[in-house]
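Visitor: Here you go, this is target_28.csv (CSV, C-alpha atoms).
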chain,number,residue,atom,x,y,z
A,1,MET,CA,-34.2,-17.5,-41.6
A,2,ILE,CA,-33.4,-14.9,-39.0
A,3,PRO,CA,-31.5,-17.3,-36.7
A,4,LEU,CA,-29.5,-18.5,-39.8
A,5,ILE,CA,-28.7,-14.9,-40.7
A,6,PHE,CA,-27.5,-14.2,-37.1
A,7,ILE,CA,-25.4,-17.4,-37.1
A,8,LEU,CA,-23.9,-16.4,-40.5
A,9,ILE,CA,-23.1,-12.9,-39.3
A,10,LEU,CA,-21.3,-14.4,-36.2
A,11,PHE,CA,-19.4,-16.8,-38.5
A,12,SER,CA,-18.4,-13.8,-40.7
A,13,PHE,CA,-16.9,-11.9,-37.8
A,14,LEU,CA,-15.3,-15.0,-36.4
A,15,GLN,CA,-13.7,-16.1,-39.7
A,16,GLU,CA,-12.4,-12.7,-40.4
A,17,ALA,CA,-11.1,-12.2,-36.9
A,18,PHE,CA,-9.3,-15.5,-36.3
A,19,LEU,CA,-10.9,-18.7,-37.7
A,20,PRO,CA,-8.9,-20.0,-40.6
A,21,PHE,CA,-12.1,-21.7,-42.1
A,22,ASN,CA,-14.6,-20.2,-44.5
A,23,LEU,CA,-17.7,-21.3,-42.5
A,24,VAL,CA,-20.0,-18.8,-44.3
A,25,LEU,CA,-19.2,-20.3,-47.7
A,26,LEU,CA,-19.6,-23.8,-46.3
A,27,ALA,CA,-23.0,-22.9,-44.9
A,28,LEU,CA,-24.1,-21.2,-48.2
A,29,VAL,CA,-23.0,-24.2,-50.3
A,30,SER,CA,-24.8,-26.6,-47.9
A,31,ARG,CA,-28.0,-24.5,-47.9
A,32,ALA,CA,-27.9,-24.2,-51.7
A,33,PHE,CA,-27.5,-28.0,-51.8
A,34,VAL,CA,-30.4,-28.7,-49.3
A,35,VAL,CA,-33.0,-26.2,-50.6
A,36,THR,CA,-33.1,-24.5,-54.0
A,37,GLU,CA,-34.8,-21.3,-53.0
A,38,LYS,CA,-34.3,-17.7,-54.1
A,39,GLU,CA,-33.3,-16.8,-50.5
A,40,ASN,CA,-29.9,-18.5,-51.3
A,41,TYR,CA,-29.2,-15.6,-53.7
A,42,TYR,CA,-30.0,-13.0,-51.1
A,43,LEU,CA,-27.8,-14.8,-48.6
A,44,ALA,CA,-25.0,-15.1,-51.1
A,45,PHE,CA,-25.3,-11.4,-52.0
A,46,ILE,CA,-25.5,-10.1,-48.5
A,47,PHE,CA,-22.8,-12.3,-47.0
A,48,GLY,CA,-20.5,-11.8,-50.0
A,49,LEU,CA,-20.9,-8.1,-49.2
A,50,ILE,CA,-20.3,-8.5,-45.5
A,51,LEU,CA,-17.2,-10.7,-46.0
A,52,SER,CA,-15.7,-8.3,-48.6
A,53,PHE,CA,-16.4,-5.4,-46.2
A,54,LEU,CA,-14.8,-7.1,-43.2
A,55,ALA,CA,-11.9,-8.5,-45.1
A,56,GLY,CA,-11.2,-5.2,-46.9
A,57,TYR,CA,-11.8,-6.5,-50.4
A,58,PRO,CA,-13.6,-4.4,-53.0
A,59,LEU,CA,-17.4,-4.5,-52.1
A,60,GLY,CA,-19.4,-6.8,-54.3
A,61,SER,CA,-16.4,-8.9,-55.4
A,62,LEU,CA,-17.2,-11.9,-53.2
A,63,SER,CA,-21.0,-11.4,-53.8
A,64,ILE,CA,-20.4,-12.0,-57.5
A,65,ILE,CA,-18.5,-15.2,-56.8
A,66,TYR,CA,-21.0,-16.5,-54.2
A,67,LEU,CA,-23.9,-15.7,-56.5
A,68,ILE,CA,-22.4,-17.6,-59.4
A,69,LEU,CA,-21.5,-20.5,-57.1
A,70,VAL,CA,-25.1,-20.7,-55.8
A,71,LEU,CA,-26.5,-20.5,-59.3
A,72,ILE,CA,-24.2,-23.4,-60.4
A,73,ILE,CA,-25.2,-25.5,-57.4
A,74,HIS,CA,-28.9,-24.9,-58.1
A,75,ILE,CA,-28.4,-26.0,-61.7
A,76,PHE,CA,-26.2,-28.9,-60.5
A,77,ARG,CA,-29.0,-30.0,-58.2
A,78,LYS,CA,-31.3,-30.8,-61.1
A,79,ILE,CA,-29.1,-33.8,-62.0
A,80,GLN,CA,-30.3,-37.0,-60.5
A,81,PHE,CA,-27.1,-38.2,-58.7
A,82,ALA,CA,-26.5,-34.8,-57.2
A,83,HIS,CA,-29.1,-35.4,-54.5
A,84,HIS,CA,-26.8,-37.7,-52.6
A,85,PRO,CA,-25.3,-36.0,-49.5
A,86,VAL,CA,-21.7,-37.1,-50.4
A,87,VAL,CA,-21.8,-34.9,-53.5
A,88,VAL,CA,-21.6,-31.9,-51.3
A,89,ILE,CA,-18.0,-32.7,-50.6
A,90,PRO,CA,-16.6,-32.2,-54.2
A,91,VAL,CA,-19.0,-29.2,-54.6
A,92,ALA,CA,-17.6,-27.7,-51.4
A,93,VAL,CA,-14.0,-28.3,-52.6
A,94,VAL,CA,-14.7,-26.5,-55.9
A,95,ALA,CA,-16.4,-23.6,-54.1
A,96,LEU,CA,-13.5,-23.3,-51.6
A,97,LEU,CA,-10.9,-23.4,-54.4
A,98,VAL,CA,-12.8,-20.7,-56.4
A,99,ASP,CA,-13.0,-18.6,-53.2
A,100,GLN,CA,-9.3,-19.0,-52.5
A,101,LEU,CA,-8.5,-18.2,-56.1
A,102,ALA,CA,-10.6,-15.0,-56.0
A,103,ARG,CA,-9.1,-13.9,-52.7
A,104,SER,CA,-5.6,-14.5,-53.9
A,105,LEU,CA,-6.2,-12.6,-57.1
A,106,MET,CA,-7.6,-9.7,-55.2
A,107,LEU,CA,-4.7,-9.7,-52.7
A,108,GLY,CA,-2.1,-10.7,-55.3
A,109,SER,CA,-0.9,-13.5,-53.0
A,110,ASN,CA,-0.5,-17.3,-53.4
A,111,ILE,CA,-3.4,-19.7,-53.0
A,112,GLU,CA,-3.4,-21.3,-49.5
A,113,LEU,CA,-4.5,-24.9,-49.8
A,114,GLY,CA,-3.4,-25.9,-46.3
A,115,GLN,CA,-6.8,-25.4,-44.7
A,116,ILE,CA,-8.9,-27.0,-47.5
A,117,PRO,CA,-8.6,-30.6,-46.2
A,118,VAL,CA,-9.9,-29.5,-42.7
A,119,GLN,CA,-12.7,-27.5,-44.4
A,120,ILE,CA,-13.7,-30.6,-46.5
A,121,ILE,CA,-14.1,-32.5,-43.2
A,122,LEU,CA,-16.0,-29.5,-41.7
A,123,VAL,CA,-18.5,-29.4,-44.6
A,124,ILE,CA,-20.1,-32.7,-43.5
A,125,PRO,CA,-21.3,-31.5,-40.1
A,126,VAL,CA,-22.2,-28.1,-41.5
A,127,TYR,CA,-24.3,-29.8,-44.3
A,128,PHE,CA,-26.2,-32.0,-41.8
A,129,ALA,CA,-26.7,-29.1,-39.4
A,130,VAL,CA,-28.3,-27.1,-42.3
A,131,LEU,CA,-30.3,-30.1,-43.4
A,132,LEU,CA,-31.6,-30.7,-39.9
A,133,TRP,CA,-32.4,-27.0,-39.5
A,134,GLU,CA,-34.2,-26.7,-42.8
A,135,GLU,CA,-36.1,-29.9,-42.6
A,136,ARG,CA,-37.1,-29.9,-38.9
A,137,PHE,CA,-37.3,-26.2,-37.8
A,138,ILE,CA,-38.5,-24.4,-40.9
A,139,VAL,CA,-42.2,-24.5,-41.9
A,140,ARG,CA,-42.7,-24.2,-45.7
A,141,LYS,CA,-45.9,-23.1,-47.4
A,142,GLU,CA,-45.7,-25.8,-50.1
A,143,ILE,CA,-45.9,-28.6,-47.6
A,144,LYS,CA,-49.4,-29.9,-47.7
A,145,LEU,CA,-50.9,-33.0,-46.1
A,146,LYS,CA,-52.4,-35.5,-48.5
A,147,VAL,CA,-55.9,-36.6,-47.5
A,148,GLY,CA,-56.5,-40.2,-48.5
A,149,LYS,CA,-59.6,-41.2,-50.5
B,150,MET,CA,-39.7,-23.5,-65.2
B,151,LYS,CA,-41.3,-20.3,-64.1
B,152,THR,CA,-39.5,-20.4,-60.7
B,153,ILE,CA,-36.2,-21.0,-62.4
B,154,LEU,CA,-36.7,-18.0,-64.6
B,155,LEU,CA,-37.8,-15.9,-61.6
B,156,ASP,CA,-34.6,-17.0,-59.8
B,157,LEU,CA,-32.5,-16.2,-62.8
B,158,LYS,CA,-34.1,-12.7,-62.9
B,159,LEU,CA,-33.2,-12.2,-59.2
B,160,PHE,CA,-29.7,-13.6,-59.8
B,161,ILE,CA,-29.1,-11.1,-62.7
B,162,ILE,CA,-30.4,-8.2,-60.6
B,163,LEU,CA,-28.1,-9.1,-57.7
B,164,ILE,CA,-25.2,-9.6,-60.0
B,165,ILE,CA,-25.8,-6.1,-61.5
B,166,PHE,CA,-26.0,-4.7,-58.0
B,167,SER,CA,-22.7,-6.4,-57.0
B,168,VAL,CA,-21.0,-5.1,-60.2
B,169,LEU,CA,-22.2,-1.6,-59.5
B,170,LEU,CA,-21.0,-1.8,-55.9
B,171,PHE,CA,-17.7,-3.2,-57.1
B,172,VAL,CA,-17.3,-0.3,-59.6
B,173,PHE,CA,-18.5,2.4,-57.1
B,174,ASP,CA,-16.2,1.0,-54.4
B,175,ASN,CA,-13.2,1.0,-56.8
B,176,LEU,CA,-14.0,4.6,-57.8
B,177,GLY,CA,-14.1,5.5,-54.1
B,178,PHE,CA,-17.7,6.6,-53.9
B,179,LEU,CA,-18.4,4.2,-51.0
B,180,ASN,CA,-15.6,5.3,-48.8
B,181,PHE,CA,-17.7,7.5,-46.5
B,182,PRO,CA,-20.4,4.9,-45.8
B,183,LYS,CA,-17.7,2.3,-45.4
B,184,SER,CA,-15.8,4.4,-42.9
B,185,LEU,CA,-19.1,4.9,-41.0
B,186,LEU,CA,-19.8,1.2,-40.8
B,187,GLN,CA,-16.2,0.5,-39.9
B,188,THR,CA,-16.5,2.6,-36.7
B,189,LEU,CA,-19.0,-0.1,-35.6
B,190,THR,CA,-17.4,-3.2,-37.0
B,191,ILE,CA,-13.7,-2.5,-36.2
B,192,PRO,CA,-14.1,-2.6,-32.4
B,193,VAL,CA,-16.1,-5.9,-32.7
B,194,GLN,CA,-13.4,-7.4,-35.0
B,195,PHE,CA,-10.6,-6.1,-32.7
B,196,GLY,CA,-12.4,-7.5,-29.6
B,197,LEU,CA,-12.8,-10.9,-31.2
B,198,TYR,CA,-9.2,-10.9,-32.4
B,199,LYS,CA,-7.9,-9.9,-29.0
B,200,ASN,CA,-10.1,-12.5,-27.2
B,201,SER,CA,-8.9,-15.2,-29.6
B,202,THR,CA,-5.3,-14.2,-29.0
B,203,ASN,CA,-5.8,-14.3,-25.2
B,204,PHE,CA,-7.6,-17.7,-25.6
B,205,LYS,CA,-4.7,-19.0,-27.7
B,206,LYS,CA,-2.2,-17.7,-25.1
B,207,GLN,CA,-4.1,-19.5,-22.3
B,208,PHE,CA,-4.4,-22.6,-24.3
B,209,THR,CA,-0.7,-22.4,-25.2
B,210,PHE,CA,0.1,-21.9,-21.6
B,211,ILE,CA,-1.7,-25.0,-20.6
B,212,ILE,CA,0.0,-27.0,-23.3
B,213,GLU,CA,3.4,-25.5,-22.4
B,214,ALA,CA,2.8,-26.2,-18.7
B,215,ARG,CA,2.0,-29.8,-19.4
B,216,LYS,CA,5.0,-30.0,-21.7
B,217,ALA,CA,7.2,-28.4,-19.0
B,218,SER,CA,5.9,-30.9,-16.4
B,219,LEU,CA,6.7,-33.9,-18.6
B,220,GLU,CA,10.1,-32.3,-19.4
B,221,ASN,CA,10.7,-31.8,-15.7
B,222,ASN,CA,9.9,-35.4,-15.0
B,223,ALA,CA,12.2,-36.6,-17.8
B,224,LEU,CA,15.0,-34.3,-16.6
B,225,LYS,CA,14.6,-35.6,-13.0
B,226,GLN,CA,14.9,-39.1,-14.3
B,227,GLN,CA,17.9,-38.1,-16.4
B,228,LEU,CA,19.5,-36.3,-13.3
B,229,ALA,CA,18.9,-39.5,-11.2
B,230,LEU,CA,20.6,-41.6,-13.9
B,231,ILE,CA,23.5,-39.1,-14.2
B,232,SER,CA,23.9,-39.0,-10.5
B,233,ALA,CA,24.0,-42.8,-10.4
B,234,GLU,CA,26.4,-42.8,-13.3
B,235,ASN,CA,28.5,-40.1,-11.5
B,236,ALA,CA,28.7,-42.3,-8.4
B,237,THR,CA,29.8,-45.3,-10.5
B,238,LEU,CA,32.4,-43.2,-12.2
B,239,GLN,CA,33.6,-41.8,-8.9
B,240,LYS,CA,34.0,-45.3,-7.6
B,241,LYS,CA,35.9,-46.3,-10.8
B,242,ILE,CA,38.2,-43.3,-10.4
B,243,LYS,CA,38.8,-44.3,-6.8
B,244,ASP,CA,39.5,-47.9,-7.9
B,245,THR,CA,41.9,-46.6,-10.6
B,246,GLU,CA,43.6,-44.3,-8.2
B,247,ASP,CA,44.0,-47.2,-5.7
B,248,LEU,CA,45.4,-49.3,-8.5
B,249,VAL,CA,47.9,-46.7,-9.7
B,250,ASP,CA,48.8,-46.1,-6.1
B,251,GLN,CA,49.3,-49.8,-5.6
B,252,TYR,CA,51.4,-50.1,-8.7
B,253,ASN,CA,53.5,-47.2,-7.5
B,254,LYS,CA,54.2,-49.0,-4.2
B,255,LEU,CA,54.6,-52.6,-5.6
B,256,ASN,CA,56.2,-52.8,-8.9
B,257,PRO,CA,53.8,-54.5,-11.3
B,258,GLN,CA,56.7,-56.1,-13.2
B,259,THR,CA,57.6,-57.9,-9.9
B,260,PHE,CA,54.2,-58.5,-8.4
B,261,ASP,CA,51.2,-59.6,-10.4
B,262,LEU,CA,48.2,-58.0,-8.6
B,263,ILE,CA,44.5,-58.9,-8.6
B,264,PRO,CA,42.3,-56.1,-7.4
B,265,ALA,CA,39.4,-57.2,-5.2
B,266,ARG,CA,36.5,-55.7,-3.3
B,267,VAL,CA,35.7,-56.3,0.3
B,268,LEU,CA,32.3,-58.0,0.6
B,269,GLY,CA,32.1,-58.5,4.3
B,270,VAL,CA,34.2,-58.4,7.5
B,271,GLU,CA,33.7,-61.0,10.2
B,272,ARG,CA,36.5,-63.1,11.7
B,273,TYR,CA,37.6,-63.7,8.1
B,274,VAL,CA,37.3,-61.1,5.5
B,275,ILE,CA,35.4,-62.0,2.3
B,276,LEU,CA,36.6,-60.8,-1.1
B,277,ASP,CA,34.8,-60.8,-4.4
B,278,LYS,CA,37.5,-62.6,-6.3
B,279,GLY,CA,37.9,-66.4,-6.3
B,280,ILE,CA,39.2,-69.4,-8.3
B,281,ASN,CA,37.7,-68.0,-11.5
B,282,ASP,CA,39.9,-64.9,-11.2
B,283,GLY,CA,43.0,-66.9,-10.5
B,284,VAL,CA,43.0,-66.7,-6.7
B,285,VAL,CA,44.5,-69.6,-4.8
B,286,GLU,CA,45.0,-70.3,-1.1
B,287,SER,CA,47.7,-68.6,0.9
B,288,GLN,CA,48.0,-65.6,-1.4
B,289,ALA,CA,49.0,-62.4,0.4
B,290,VAL,CA,46.4,-59.6,0.5
B,291,VAL,CA,47.9,-56.2,0.5
B,292,TYR,CA,47.0,-52.5,0.3
B,293,LYS,CA,49.8,-50.4,-1.1
B,294,ASP,CA,52.8,-52.1,0.5
B,295,ASN,CA,51.0,-53.1,3.7
B,296,TYR,CA,50.2,-56.7,4.5
B,297,LEU,CA,46.6,-57.3,5.5
B,298,GLY,CA,46.2,-61.1,5.5
B,299,GLN,CA,46.3,-64.1,3.3
B,300,THR,CA,43.6,-66.1,1.5
B,301,LYS,CA,42.2,-69.3,3.1
B,302,ASN,CA,39.0,-70.8,1.7
B,303,VAL,CA,38.7,-70.0,-2.0
B,304,THR,CA,35.4,-70.6,-3.8
B,305,PRO,CA,34.9,-70.0,-7.6
B,306,LYS,CA,33.8,-66.4,-7.0
B,307,THR,CA,34.8,-65.4,-3.5
B,308,SER,CA,37.7,-66.0,-1.1
B,309,GLN,CA,38.2,-65.7,2.6
B,310,VAL,CA,41.1,-63.8,4.1
B,311,ILE,CA,42.8,-64.5,7.5
B,312,LEU,CA,43.9,-61.2,8.8
B,313,ALA,CA,47.3,-60.6,10.3
B,314,THR,CA,45.5,-59.9,13.6
B,315,ASP,CA,43.9,-63.4,13.6
B,316,PRO,CA,45.4,-65.9,16.2
B,317,GLU,CA,45.7,-68.4,13.3
B,318,SER,CA,48.2,-66.1,11.6
B,319,LYS,CA,51.9,-66.7,12.3
B,320,ILE,CA,54.4,-64.8,10.1
B,321,ALA,CA,58.2,-64.4,10.3
B,322,VAL,CA,59.0,-60.7,10.5
B,323,PHE,CA,61.7,-58.2,11.4
B,324,SER,CA,61.4,-54.7,12.8
B,325,GLN,CA,63.5,-51.9,11.5
B,326,GLY,CA,64.2,-48.7,13.3
B,327,SER,CA,66.9,-46.0,13.3
B,328,LEU,CA,68.7,-47.8,16.1
B,329,GLY,CA,68.7,-51.3,14.6
B,330,ARG,CA,66.6,-54.3,13.6
B,331,ALA,CA,65.1,-57.3,15.3
B,332,LYS,CA,63.7,-60.6,14.1
B,333,GLY,CA,60.6,-62.3,15.4
B,334,ILE,CA,57.4,-64.1,14.9
B,335,LEU,CA,54.3,-62.1,14.4
B,336,THR,CA,51.2,-63.7,15.9
B,337,GLY,CA,47.7,-62.3,15.7
B,338,GLU,CA,45.6,-61.6,18.8
B,339,PHE,CA,41.9,-61.3,18.9
B,340,GLY,CA,41.3,-57.6,18.6
B,341,SER,CA,43.2,-55.2,16.5
B,342,GLU,CA,46.7,-55.9,17.7
B,343,MET,CA,49.5,-58.4,17.0
B,344,LEU,CA,52.3,-59.7,19.1
B,345,MET,CA,55.8,-59.9,17.8
B,346,ASP,CA,57.4,-62.7,19.8
B,347,LYS,CA,60.8,-64.5,20.0
B,348,ILE,CA,62.9,-61.4,19.8
B,349,LEU,CA,66.3,-61.9,21.2
B,350,HIS,CA,67.4,-59.6,24.0
B,351,GLU,CA,70.4,-58.3,22.2
B,352,GLU,CA,68.3,-57.2,19.2
B,353,VAL,CA,67.0,-53.6,19.2
B,354,VAL,CA,63.3,-52.9,19.0
B,355,ASN,CA,61.7,-49.7,19.9
B,356,VAL,CA,58.2,-48.1,19.8
B,357,ASP,CA,57.2,-46.7,16.4
B,358,ASP,CA,59.6,-49.1,14.6
B,359,LEU,CA,58.0,-50.5,11.5
B,360,VAL,CA,57.6,-54.3,11.2
B,361,TYR,CA,58.2,-56.0,7.8
B,362,SER,CA,57.6,-59.5,6.5
B,363,GLU,CA,60.6,-61.7,6.3
B,364,GLY,CA,59.4,-63.5,3.2
B,365,THR,CA,60.1,-67.0,4.4
B,366,GLU,CA,56.5,-68.2,3.9
B,367,GLY,CA,55.8,-69.5,0.5
B,368,LYS,CA,53.7,-66.9,-1.2
B,369,LEU,CA,54.5,-63.9,1.0
B,370,PRO,CA,57.2,-61.6,-0.4
B,371,LYS,CA,59.8,-59.9,1.8
B,372,GLY,CA,59.5,-56.3,2.8
B,373,LEU,CA,55.7,-55.9,3.2
B,374,VAL,CA,54.8,-53.6,6.0
B,375,MET,CA,53.1,-55.6,8.8
B,376,GLY,CA,52.5,-52.7,11.2
B,377,LYS,CA,54.1,-50.4,13.8
B,378,VAL,CA,55.5,-51.3,17.2
B,379,THR,CA,53.3,-49.7,19.9
B,380,GLU,CA,54.8,-51.3,23.1
B,381,VAL,CA,58.0,-53.3,23.9
B,382,MET,CA,57.7,-55.9,26.7
B,383,GLU,CA,61.0,-56.9,28.1
B,384,ARG,CA,61.8,-59.1,31.3
B,385,GLN,CA,65.3,-59.9,32.4
B,386,ASN,CA,64.5,-63.6,33.4
B,387,GLU,CA,63.0,-64.5,30.0
B,388,ILE,CA,64.9,-65.5,26.9
B,389,PHE,CA,62.9,-63.6,24.4
B,390,LYS,CA,61.3,-60.2,24.5
B,391,GLN,CA,58.0,-59.2,22.9
B,392,ALA,CA,56.5,-56.2,21.2
B,393,LYS,CA,52.9,-55.2,20.5
B,394,VAL,CA,52.4,-54.3,16.9
B,395,GLU,CA,49.4,-52.4,15.5
B,396,PRO,CA,48.5,-52.6,11.8
B,397,ILE,CA,48.7,-49.3,9.8
B,398,PHE,CA,45.5,-49.9,7.8
B,399,LYS,CA,42.3,-51.5,9.0
B,400,LEU,CA,40.7,-53.6,6.4
B,401,VAL,CA,37.2,-52.3,7.4
B,402,ASP,CA,38.2,-48.9,6.2
B,403,LEU,CA,39.2,-50.1,2.7
B,404,ASP,CA,37.1,-50.7,-0.4
B,405,THR,CA,39.7,-52.2,-2.7
B,406,VAL,CA,42.6,-54.5,-1.8
B,407,PHE,CA,45.0,-56.4,-3.9
B,408,LEU,CA,46.0,-60.0,-4.0
B,409,ILE,CA,49.6,-60.9,-4.9
B,410,LYS,CA,49.7,-63.8,-7.4
Show the structure stored in the file as structure tokens.

Guide:
Amino acid sequence: MIPLIFILILFSFLQEAFLPFNLVLLALVSRAFVVTEKENYYLAFIFGLILSFLAGYPLGSLSIIYLILVLIIHIFRKIQFAHHPVVVIPVAVVALLVDQLARSLMLGSNIELGQIPVQIILVIPVYFAVLLWEERFIVRKEIKLKVGK
Amino acid sequence: MKTILLDLKLFIILIIFSVLLFVFDNLGFLNFPKSLLQTLTIPVQFGLYKNSTNFKKQFTFIIEARKASLENNALKQQLALISAENATLQKKIKDTEDLVDQYNKLNPQTFDLIPARVLGVERYVILDKGINDGVVESQAVVYKDNYLGQTKNVTPKTSQVILATDPESKIAVFSQGSLGRAKGILTGEFGSEMLMDKILHEEVVNVDDLVYSEGTEGKLPKGLVMGKVTEVMERQNEIFKQAKVEPIFKLVDLDTVFLIK
């Protein structure tokens, strides 16, 4: 979890400094899609706070949006077809649009849709990177070996 | 079900926290802690921004340098093409000037002229115009109003010219000077000179007198300049006197000549 937090902090600074992509949101969406854990809410809250602080938005504004997005993804994950990796793409598109809408409302500017196609392509490697990290490098308590009879 | 409820509880707590932070921030209660944190984050953000700008500049420089190199090559090619085009145009201007000059000397209404280029000079001069261009044998080759020679062997695309200095060439001429005129036969000699022969003793010929064609040969008009007298050879016991004549123009020095139809 700690390496992920460090990576997300780095992403936050990078995207608020010069990167035109919302890598933090893509990582949060991907993680919420890979594992339905309560840590996703903490991450959504903290990084919503960090991003609003770095971007100069009212504190807590992005946290509310990210928390709602994570909750919706968690509920969406209960549906059978939602387990397919391709579903992450439309989910990411919705998340990015909501984020853009919220930011434009807060700044009073137009929605910038220009970078969304690039971010849609970007969500695939981010999703697989998160999947690899969570499946191969994170040990979970609930994993138990079955001993055959 | 229990985990979902626990998660929902956590979600609601975090939402309440977020709303509270939102309200406090809007009311300005969080300005002091925010300004404290910004003293740490602003240099980092500025550093990242500055580095990204420098990186972009470097990257742009590489792209611009590559673009400039390609543009340079293209411009060099363009310059080479323009230079070649310029050379062709200069040649065309020269040809046109020669043609205009020629028409000024020989009236185009009287003489029908065919411009031709010199392809090679040996004993006979080769021109780039032949039967296809309307050239026939024994046509006079001139430059301005100066006689150079006449066509001999004509092929569809080229023609050979016997120069006035060739021993084969024999033309009836007359010399004209301020003191009088003399008639004679101009014969070529190997080299660059001609001999004006059969001049009667009583006729006047002097050095620097100009020699003109008589026009008695079929296609050769009267009054073309054949050359200039350089030496007069006179002996009392001989019937005729002779004069050495030098052509005014050397065909080797000319690019374009004209054939009189």

Visitor: Could you list, as a PyMOL selection string, the residues of chain A having an atom within 8 Å of chain B when counting only C-alpha atoms?

Guide: chain A and resi 13-14+16-18+38+41-42+45+53-54+58-61+63-64+67+71

Visitor: Would you mind reading off the distance between atom CA of Val354 of chain B and atom CA of Val381 of chain B, one decimal, in Å?

Guide: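 Atom CA of Val354 of chain B sits 7.2 Å away from atom CA of Val381 of chain B.
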
Visitor: Which residues are near Leu4 of chain A? Cut-off 10 Å, all atoms listed in the file, ignore same chain within fewer than 5 positions. Put them as a list in words.

Guide: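 Answer for this query is Ile9, Leu10, Ala27, Leu43, Val130, Trp133 and Glu134 of chain A.
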
Visitor: How many Å separate atom CA of Arg384 of chain B from atom CA of Gln325 of chain B?

Guide: 21.1 Å

Visitor: Take atom CA of Ile231 of chain B and atom CA of Lys243 of chain B and report the distance between them in Å, one decimal.

Guide: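 Rounded to one decimal, the two atoms are 17.8 Å apart.
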
Visitor: From (69.0, -63.0, 21.1), in the file's coordinates, out to 10 Å: which residues are reached, counting only C-alpha atoms? Answer as an MDAnalysis selection string.

Guide: chainID B and resid 331:332 347:353 388:390

Visitor: For Leu359 of chain B, which of B:Thr379, B:Thr188, B:Thr304, B:Gln226 is the closest residue, counting all atoms listed in the file?

Guide: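 That would be B:Thr379, the residue with the smallest distance to Leu359 of chain B.
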
Visitor: Would you list the contacts of Lys301 of chain B as a VMD selection string, taking every protein, DNA or RNA residue within 9 Å and counting only C-alpha atoms, but skipping same-chain residues closer than 4 positions in sequence?

Guide: chain B and resid 273 285 to 288 308 to 311

Visitor: Enumerate, as an mmCIF file with C-alpha atoms, in the coordinates of the input, the protein, DNA and RNA residues whose atoms approach (45.7, -62.3, 7.8) to within 8 Å, taking into account all atoms listed in the file and the coordinate frame of the file.

Guide:
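The resulting file, result.cif, is shown below:
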data_model
loop_
_atom_site.group_PDB
_atom_site.id
_atom_site.type_symbol
_atom_site.label_atom_id
_atom_site.label_comp_id
_atom_site.auth_asym_id
_atom_site.auth_seq_id
_atom_site.Cartn_x
_atom_site.Cartn_y
_atom_site.Cartn_z
ATOM 1 C CA VAL B 290 46.400 -59.600 0.500
ATOM 2 C CA TYR B 296 50.200 -56.700 4.500
ATOM 3 C CA LEU B 297 46.600 -57.300 5.500
ATOM 4 C CA GLY B 298 46.200 -61.100 5.500
ATOM 5 C CA GLN B 299 46.300 -64.100 3.300
ATOM 6 C CA THR B 300 43.600 -66.100 1.500
ATOM 7 C CA VAL B 310 41.100 -63.800 4.100
ATOM 8 C CA ILE B 311 42.800 -64.500 7.500
ATOM 9 C CA LEU B 312 43.900 -61.200 8.800
ATOM 10 C CA ALA B 313 47.300 -60.600 10.300
ATOM 11 C CA THR B 314 45.500 -59.900 13.600
ATOM 12 C CA ASP B 315 43.900 -63.400 13.600
ATOM 13 C CA SER B 318 48.200 -66.100 11.600
#

Visitor: For each of B:Val360, B:Ala236, B:Ala229, B:Ile263, take the minimum atom-to-atom distance to Val322 of chain B, counting only C-alpha atoms, then give the residue where this is smallest.

Guide: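 Of B:Val360, B:Ala236, B:Ala229, B:Ile263, the one nearest Val322 of chain B, counting only C-alpha atoms, is B:Val360.
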
Visitor: Fewer than 4 positions away in the same chain doesn't count, so skip those; otherwise give me all residues within 9 Å of Tyr127 of chain A, counting all atoms listed in the file, as a PyMOL selection string.

Guide: chain A and resi 26-27+29-31+33-34+85+88+122-123+131-132

Visitor: Might you pull out every residue within 12 Å of Phe6 of chain A, with only C-alpha atoms counted and same-chain residues fewer than 5 positions away left off, and present them as a PyMOL selection string?

Guide: chain A and resi 1+11-13+24+43+47

Visitor: With C-alpha atoms retained, write the just-selected residues as a PDB file, keeping the file's coordinate frame.

Guide:
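As written to disk, part.pdb reads:
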ATOM      1  CA  MET A   1     -34.200 -17.500 -41.600  1.00  0.00           C
ATOM      2  CA  PHE A  11     -19.400 -16.800 -38.500  1.00  0.00           C
ATOM      3  CA  SER A  12     -18.400 -13.800 -40.700  1.00  0.00           C
ATOM      4  CA  PHE A  13     -16.900 -11.900 -37.800  1.00  0.00           C
ATOM      5  CA  VAL A  24     -20.000 -18.800 -44.300  1.00  0.00           C
ATOM      6  CA  LEU A  43     -27.800 -14.800 -48.600  1.00  0.00           C
ATOM      7  CA  PHE A  47     -22.800 -12.300 -47.000  1.00  0.00           C
TER       8      PHE A  47
END
